[in-house]
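As structure tokens, the structure follows; a few thoughts come after it.
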Amino acid sequence: MHVTNDETFYISVLNSLTQQIAVIVEQGLVQWVNHSWKAFSEENRGQPDKTWRNTNYIRVCSDSVENGDQDAVDALAGIEAVIRGEEPIFYFEYPCHSPDEQRWFMMHIRPLDQNVLKHFVITHQNIAERKLAEQRVEEMAVLDGLTGIANRRHFDDFLKTEWRRALRLGHPVSIALLDIDHFKPYNDNYGHVAGDECLRRVGKTLKHFSRRPGDLVARYGGEEFAIILGDTGKEVACQLAEEIRAAILALDIHHEYATRAKCVTVSIGVATLRPDAQSDMVPLGPHQCSRPGSL
């Protein structure tokens with residue numbers, strides 16, 4: 001792209017922006033990029049001092065598609081739709097994580113002149129700060145604020161998903177319901193601060209028993225916890241429940257009120273069921289899962 005003296009000021013403005021900006025023609029050939037585009041390329045193992053002019057950006061995206069990048073598939077389809085005039089603008093959010101940082105970017109493509117589809121402007125903008133904030137909000141929606149494990153809402157959603165998977169594959173689902181013994185006298189005598197710390201330690205210990213994608217540990221309410229064990233039969237589930245009971249006992253949290261062990265203990269119940277495709281049963285929670293065929 002030839003630059004005249006009258007255009008120098010505008011080029012300087014574009015080079016000062018943090019967004020990565022490129023101009024391509026309808027064949028996909030890059031005509032110009034700003035400094036941010038070049039800098040990002042070099043920071044991410046691109047060729048040093050690459051001019052980019054006449055590099056085919058569509059070919060770059062196509063190579064990523066051939067390498068199995070699903071984000072590149074969506075990006076390429078959007079770019080081509082704008083170039084063909086089927087869409088006035090396309091934007092797409094995608095992850096681009098580095099080894100030491102989680103990053104997300106938003107890509108825009110639109111015609112430089114809406115009436116003459118010859119040149120197109122592509123921008124990439126770092127939106128990592130917003131995406132990380134959104135992730136924190138999502139985590140807060142599914143995590144128990146005190147213990148940091150899943151909350152009741154996430155438990156219910158996860159159970160429905162795991163139930164559907166078990167129904168499809170014919171696998172059993174086990175649920176363990178755990179209650180801290182004599183927790184009210186513990187709270188009354190040691191105080192709520194100590195009670196909260198007790199719940200946190202129990203929740204942290206339970207996390208170690210959620211080992212697979214089909215497992216989930218949740219605070220079900222008060223001093224009550226629940227564990228979903230996908231593709232787990234009753235024998236294994238009962239063995240795991242005994243391991244959990246022993247692990248909580250080993251915490252040796254002093255409790256001299258209403259307990260023989262003089263430390264915090266738990267009671268655990270286990271239910272196991274293999275979904276039947278002919279049945280209209282649906283999972284409602286651990287209290288409703290003890291049905292014929294369960295422990």
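To be explicit about the labels: the chains of the structure tokens are called A, B, and onward in the order shown, and within each one the residues are counted from 1, while ligands get numbers from 1 in the order they are shown.
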Just list the residues in range 41-281 of chain A DSSP gives helix (DSSP H, G or I) on the backbone, as JSON, numbers by chain.
{"A": [41, 42, 43, 57, 58, 59, 60, 61, 62, 63, 64, 65, 66, 70, 71, 72, 73, 74, 75, 76, 77, 78, 79, 80, 81, 82, 83, 128, 129, 130, 131, 132, 133, 134, 135, 136, 137, 138, 139, 140, 141, 142, 152, 153, 154, 155, 156, 157, 158, 159, 160, 161, 162, 163, 164, 165, 166, 167, 168, 169, 183, 184, 185, 186, 187, 188, 189, 190, 192, 193, 194, 195, 196, 197, 198, 199, 200, 201, 202, 203, 204, 205, 206, 207, 234, 235, 236, 237, 238, 239, 240, 241, 242, 243, 244, 245, 246, 247, 248, 249, 250]}
With 8 Å as the cut-off and only C-alpha atoms counted, what is the closest atom pair between each nearby residue of range 206-254 of chain A and range 150-155 of chain A? Distances in Å to one decimal, ordered by chain and number, as a Markdown table.
| residue | atom | partner | partner_atom | distance |
| --- | --- | --- | --- | --- |
| A:Leu216 | CA | A:Phe155 | CA | 7.4 |
| A:Val217 | CA | A:Ala150 | CA | 6.3 |
| A:Ala218 | CA | A:Ala150 | CA | 4.4 |
| A:Arg219 | CA | A:Asn151 | CA | 5.4 |
| A:Tyr220 | CA | A:Arg152 | CA | 5.1 |
| A:Gly221 | CA | A:Arg152 | CA | 7.2 |
Output for the residues just chosen: N, CA and C atoms as a PDB file, in the first residue's frame:
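And here's out.pdb as it stands now:
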ATOM      1  N   LEU A 216     -17.773 -35.576  41.138  1.00  0.00           N
ATOM      2  CA  LEU A 216     -17.965 -34.207  41.626  1.00  0.00           C
ATOM      3  C   LEU A 216     -18.213 -34.232  43.124  1.00  0.00           C
ATOM      4  N   VAL A 217     -17.518 -33.351  43.850  1.00  0.00           N
ATOM      5  CA  VAL A 217     -17.734 -33.155  45.283  1.00  0.00           C
ATOM      6  C   VAL A 217     -18.439 -31.825  45.472  1.00  0.00           C
ATOM      7  N   ALA A 218     -19.488 -31.799  46.289  1.00  0.00           N
ATOM      8  CA  ALA A 218     -20.260 -30.573  46.485  1.00  0.00           C
ATOM      9  C   ALA A 218     -20.657 -30.415  47.947  1.00  0.00           C
ATOM     10  N   ARG A 219     -20.815 -29.164  48.352  1.00  0.00           N
ATOM     11  CA  ARG A 219     -21.441 -28.889  49.633  1.00  0.00           C
ATOM     12  C   ARG A 219     -22.940 -28.838  49.375  1.00  0.00           C
ATOM     13  N   TYR A 220     -23.661 -29.764  49.973  1.00  0.00           N
ATOM     14  CA  TYR A 220     -25.071 -29.902  49.667  1.00  0.00           C
ATOM     15  C   TYR A 220     -25.936 -29.001  50.532  1.00  0.00           C
ATOM     16  N   GLY A 221     -25.415 -28.609  51.685  1.00  0.00           N
ATOM     17  CA  GLY A 221     -26.159 -27.715  52.563  1.00  0.00           C
ATOM     18  C   GLY A 221     -25.679 -27.848  53.993  1.00  0.00           C
TER      19      GLY A 221
END
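You will find CA of Leu199 in chain A at 7.9 Å from CA of Leu146 in chain A.
Within 6 Å of range 228-242 of chain A, once only C-alpha atoms are used and residues closer than 5 positions along the same chain are dropped, the contacting residues are His171, Pro172, Val173, Ser174, Ile175, Gly214, Asp215, Leu216 and Thr272 of chain A.
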Counting only C-alpha atoms, which residues in range 89-142 of chain A sit no more than 9 Å from range 62-75 of chain A? For each one, give the nearest pair of atoms and the distance in Å, sorted by chain then residue number, as a Markdown table.
| residue | atom | partner | partner_atom | distance |
| --- | --- | --- | --- | --- |
| A:Phe90 | CA | A:Ala75 | CA | 8.7 |
| A:Tyr91 | CA | A:Ala75 | CA | 8.4 |
| A:Phe92 | CA | A:Ala75 | CA | 6.7 |
| A:Glu93 | CA | A:Asp71 | CA | 8.8 |
| A:Tyr94 | CA | A:Asp71 | CA | 6.6 |
| A:Pro95 | CA | A:Asp71 | CA | 8.5 |
| A:Met107 | CA | A:Ala75 | CA | 8.3 |
Could the residues in this selection be written to a file with all heavy atoms, as a PDB file, in the first residue's frame?
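Output contents, as saved in out19.pdb:
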ATOM      1  N   PHE A  90     -17.937  -9.461  10.741  1.00  0.00           N
ATOM      2  CA  PHE A  90     -17.805 -10.712  11.484  1.00  0.00           C
ATOM      3  C   PHE A  90     -16.879 -10.474  12.661  1.00  0.00           C
ATOM      4  O   PHE A  90     -15.838  -9.823  12.524  1.00  0.00           O
ATOM      5  CB  PHE A  90     -17.224 -11.805  10.583  1.00  0.00           C
ATOM      6  CG  PHE A  90     -16.879 -13.085  11.310  1.00  0.00           C
ATOM      7  CD1 PHE A  90     -17.869 -13.956  11.735  1.00  0.00           C
ATOM      8  CD2 PHE A  90     -15.550 -13.409  11.582  1.00  0.00           C
ATOM      9  CE1 PHE A  90     -17.557 -15.137  12.409  1.00  0.00           C
ATOM     10  CE2 PHE A  90     -15.229 -14.580  12.250  1.00  0.00           C
ATOM     11  CZ  PHE A  90     -16.232 -15.443  12.665  1.00  0.00           C
ATOM     12  N   TYR A  91     -17.278 -10.947  13.830  1.00  0.00           N
ATOM     13  CA  TYR A  91     -16.365 -10.904  14.974  1.00  0.00           C
ATOM     14  C   TYR A  91     -16.378 -12.244  15.671  1.00  0.00           C
ATOM     15  O   TYR A  91     -17.371 -12.973  15.652  1.00  0.00           O
ATOM     16  CB  TYR A  91     -16.715  -9.759  15.925  1.00  0.00           C
ATOM     17  CG  TYR A  91     -18.008  -9.924  16.687  1.00  0.00           C
ATOM     18  CD1 TYR A  91     -18.028 -10.544  17.933  1.00  0.00           C
ATOM     19  CD2 TYR A  91     -19.208  -9.443  16.155  1.00  0.00           C
ATOM     20  CE1 TYR A  91     -19.213 -10.690  18.634  1.00  0.00           C
ATOM     21  CE2 TYR A  91     -20.398  -9.590  16.851  1.00  0.00           C
ATOM     22  CZ  TYR A  91     -20.383 -10.210  18.089  1.00  0.00           C
ATOM     23  OH  TYR A  91     -21.559 -10.365  18.774  1.00  0.00           O
ATOM     24  N   PHE A  92     -15.252 -12.568  16.279  1.00  0.00           N
ATOM     25  CA  PHE A  92     -15.064 -13.911  16.813  1.00  0.00           C
ATOM     26  C   PHE A  92     -14.099 -13.853  17.993  1.00  0.00           C
ATOM     27  O   PHE A  92     -13.022 -13.249  17.899  1.00  0.00           O
ATOM     28  CB  PHE A  92     -14.499 -14.809  15.702  1.00  0.00           C
ATOM     29  CG  PHE A  92     -14.223 -16.225  16.124  1.00  0.00           C
ATOM     30  CD1 PHE A  92     -15.250 -17.065  16.499  1.00  0.00           C
ATOM     31  CD2 PHE A  92     -12.922 -16.717  16.123  1.00  0.00           C
ATOM     32  CE1 PHE A  92     -15.001 -18.379  16.875  1.00  0.00           C
ATOM     33  CE2 PHE A  92     -12.662 -18.023  16.499  1.00  0.00           C
ATOM     34  CZ  PHE A  92     -13.707 -18.855  16.871  1.00  0.00           C
ATOM     35  N   GLU A  93     -14.492 -14.458  19.130  1.00  0.00           N
ATOM     36  CA  GLU A  93     -13.621 -14.523  20.305  1.00  0.00           C
ATOM     37  C   GLU A  93     -12.933 -15.882  20.328  1.00  0.00           C
ATOM     38  O   GLU A  93     -13.569 -16.917  20.104  1.00  0.00           O
ATOM     39  CB  GLU A  93     -14.430 -14.328  21.587  1.00  0.00           C
ATOM     40  CG  GLU A  93     -15.057 -12.947  21.693  1.00  0.00           C
ATOM     41  CD  GLU A  93     -15.821 -12.752  23.003  1.00  0.00           C
ATOM     42  OE1 GLU A  93     -15.780 -13.676  23.852  1.00  0.00           O
ATOM     43  OE2 GLU A  93     -16.451 -11.701  23.167  1.00  0.00           O
ATOM     44  N   TYR A  94     -11.651 -15.881  20.622  1.00  0.00           N
ATOM     45  CA  TYR A  94     -10.900 -17.142  20.608  1.00  0.00           C
ATOM     46  C   TYR A  94      -9.773 -17.102  21.636  1.00  0.00           C
ATOM     47  O   TYR A  94      -9.243 -16.039  21.961  1.00  0.00           O
ATOM     48  CB  TYR A  94     -10.320 -17.392  19.212  1.00  0.00           C
ATOM     49  CG  TYR A  94      -9.298 -16.359  18.772  1.00  0.00           C
ATOM     50  CD1 TYR A  94      -7.939 -16.581  18.956  1.00  0.00           C
ATOM     51  CD2 TYR A  94      -9.699 -15.158  18.185  1.00  0.00           C
ATOM     52  CE1 TYR A  94      -7.003 -15.636  18.565  1.00  0.00           C
ATOM     53  CE2 TYR A  94      -8.774 -14.207  17.792  1.00  0.00           C
ATOM     54  CZ  TYR A  94      -7.425 -14.451  17.979  1.00  0.00           C
ATOM     55  OH  TYR A  94      -6.499 -13.504  17.604  1.00  0.00           O
ATOM     56  N   PRO A  95      -9.399 -18.261  22.189  1.00  0.00           N
ATOM     57  CA  PRO A  95      -8.275 -18.319  23.131  1.00  0.00           C
ATOM     58  C   PRO A  95      -6.954 -18.377  22.381  1.00  0.00           C
ATOM     59  O   PRO A  95      -6.865 -18.953  21.289  1.00  0.00           O
ATOM     60  CB  PRO A  95      -8.529 -19.619  23.896  1.00  0.00           C
ATOM     61  CG  PRO A  95      -9.232 -20.491  22.901  1.00  0.00           C
ATOM     62  CD  PRO A  95     -10.084 -19.562  22.056  1.00  0.00           C
ATOM     63  N   MET A 107     -11.479 -11.074  17.218  1.00  0.00           N
ATOM     64  CA  MET A 107     -11.150 -10.714  15.847  1.00  0.00           C
ATOM     65  C   MET A 107     -12.358 -10.063  15.179  1.00  0.00           C
ATOM     66  O   MET A 107     -13.485 -10.545  15.309  1.00  0.00           O
ATOM     67  CB  MET A 107     -10.749 -11.956  15.052  1.00  0.00           C
ATOM     68  CG  MET A 107     -10.348 -11.649  13.614  1.00  0.00           C
ATOM     69  SD  MET A 107     -10.235 -13.122  12.586  1.00  0.00           S
ATOM     70  CE  MET A 107     -11.965 -13.438  12.272  1.00  0.00           C
TER      71      MET A 107
END
Which residues are close to Ile127 in chain A, i.e. within 12 Å by only C-alpha atoms, leaving aside same-chain residues fewer than 2 positions away? Reply as a PyMOL selection string.
chain A and resi 18-19+92-97+102-107+124-125+129-134
Hey, can you spit out that residue selection with N, CA and C atoms as a CSV table (one decimal), in the first residue's frame?
chain,number,residue,atom,x,y,z
A,18,THR,N,-3.2,-0.3,20.3
A,18,THR,CA,-2.8,-1.6,20.8
A,18,THR,C,-3.4,-2.7,20.0
A,19,GLN,N,-4.6,-2.4,19.3
A,19,GLN,CA,-5.2,-3.5,18.5
A,19,GLN,C,-4.2,-3.8,17.4
A,92,PHE,N,-15.3,-12.6,16.3
A,92,PHE,CA,-15.1,-13.9,16.8
A,92,PHE,C,-14.1,-13.9,18.0
A,93,GLU,N,-14.5,-14.5,19.1
A,93,GLU,CA,-13.6,-14.5,20.3
A,93,GLU,C,-12.9,-15.9,20.3
A,94,TYR,N,-11.7,-15.9,20.6
A,94,TYR,CA,-10.9,-17.1,20.6
A,94,TYR,C,-9.8,-17.1,21.6
A,95,PRO,N,-9.4,-18.3,22.2
A,95,PRO,CA,-8.3,-18.3,23.1
A,95,PRO,C,-7.0,-18.4,22.4
A,96,CYS,N,-5.9,-17.8,23.0
A,96,CYS,CA,-4.6,-17.8,22.4
A,96,CYS,C,-3.6,-17.8,23.6
A,97,HIS,N,-3.6,-18.9,24.3
A,97,HIS,CA,-2.8,-18.9,25.6
A,97,HIS,C,-1.4,-19.1,25.3
A,102,GLN,N,-2.9,-16.8,30.4
A,102,GLN,CA,-4.1,-17.1,29.7
A,102,GLN,C,-4.6,-15.9,28.9
A,103,ARG,N,-4.8,-16.0,27.6
A,103,ARG,CA,-5.1,-14.9,26.8
A,103,ARG,C,-6.3,-15.2,25.9
A,104,TRP,N,-7.1,-14.2,25.7
A,104,TRP,CA,-8.2,-14.3,24.7
A,104,TRP,C,-8.2,-13.1,23.8
A,105,PHE,N,-8.6,-13.3,22.6
A,105,PHE,CA,-8.6,-12.2,21.6
A,105,PHE,C,-10.0,-12.1,20.9
A,106,MET,N,-10.4,-10.9,20.5
A,106,MET,CA,-11.5,-10.8,19.6
A,106,MET,C,-11.1,-10.3,18.2
A,107,MET,N,-11.5,-11.1,17.2
A,107,MET,CA,-11.2,-10.7,15.8
A,107,MET,C,-12.4,-10.1,15.2
A,124,HIS,N,-7.4,-7.6,15.7
A,124,HIS,CA,-7.4,-8.5,16.8
A,124,HIS,C,-7.1,-7.7,18.1
A,125,GLN,N,-8.0,-7.9,19.1
A,125,GLN,CA,-7.9,-7.1,20.3
A,125,GLN,C,-7.8,-8.0,21.5
A,129,GLU,N,-8.5,-9.6,30.0
A,129,GLU,CA,-9.0,-9.1,31.3
A,129,GLU,C,-10.5,-9.3,31.5
A,130,ARG,N,-11.3,-9.0,30.4
A,130,ARG,CA,-12.7,-9.2,30.5
A,130,ARG,C,-13.0,-10.7,30.6
A,131,LYS,N,-12.4,-11.6,29.9
A,131,LYS,CA,-12.7,-13.0,29.9
A,131,LYS,C,-12.3,-13.6,31.3
A,132,LEU,N,-11.2,-13.2,31.9
A,132,LEU,CA,-10.9,-13.7,33.2
A,132,LEU,C,-11.9,-13.2,34.2
A,133,ALA,N,-12.4,-12.0,34.1
A,133,ALA,CA,-13.5,-11.5,35.0
A,133,ALA,C,-14.7,-12.3,34.8
A,134,GLU,N,-15.1,-12.7,33.6
A,134,GLU,CA,-16.3,-13.5,33.3
A,134,GLU,C,-16.1,-14.9,33.9
Run DSSP on the backbone and tell me which residues of range 121-216 of chain A come out as strand (DSSP E); list them as a list in words.
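Listing strand (DSSP E) positions across range 121-216 of chain A yields Val121, Ile122, Thr123, His124, Gln125, Asn126, Val173, Ser174, Ile175, Ala176, Leu177, Leu178, Asp179, Ile180, Asp215 and Leu216 of chain A.
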If you count only C-alpha atoms, which residues fall within 12 Å of Gly203 in chain A, apart from same-chain ones fewer than 3 positions away, as a ChimeraX atom specification?
/A:143-151,178-180,196-200,206-210,216-220,222-227,244,247-248,251
Near Ile11 in chain A, counting only C-alpha atoms, which residues have an atom at most 8 Å away, once you skip same-chain residues fewer than 4 positions from it, shown as JSON, numbers by chain?
{"A": [7, 15, 34]}
When you count only C-alpha atoms, which of these residues is closest to Trp37 in chain A: A:Thr51, A:Ile89, A:Leu167, A:Pro99?
A:Thr51
Would you please work out which residue, of A:Gln20, A:Thr161, A:Asn187, A:Thr55, is nearest to Ala39 in chain A when using only C-alpha atoms?
A:Gln20
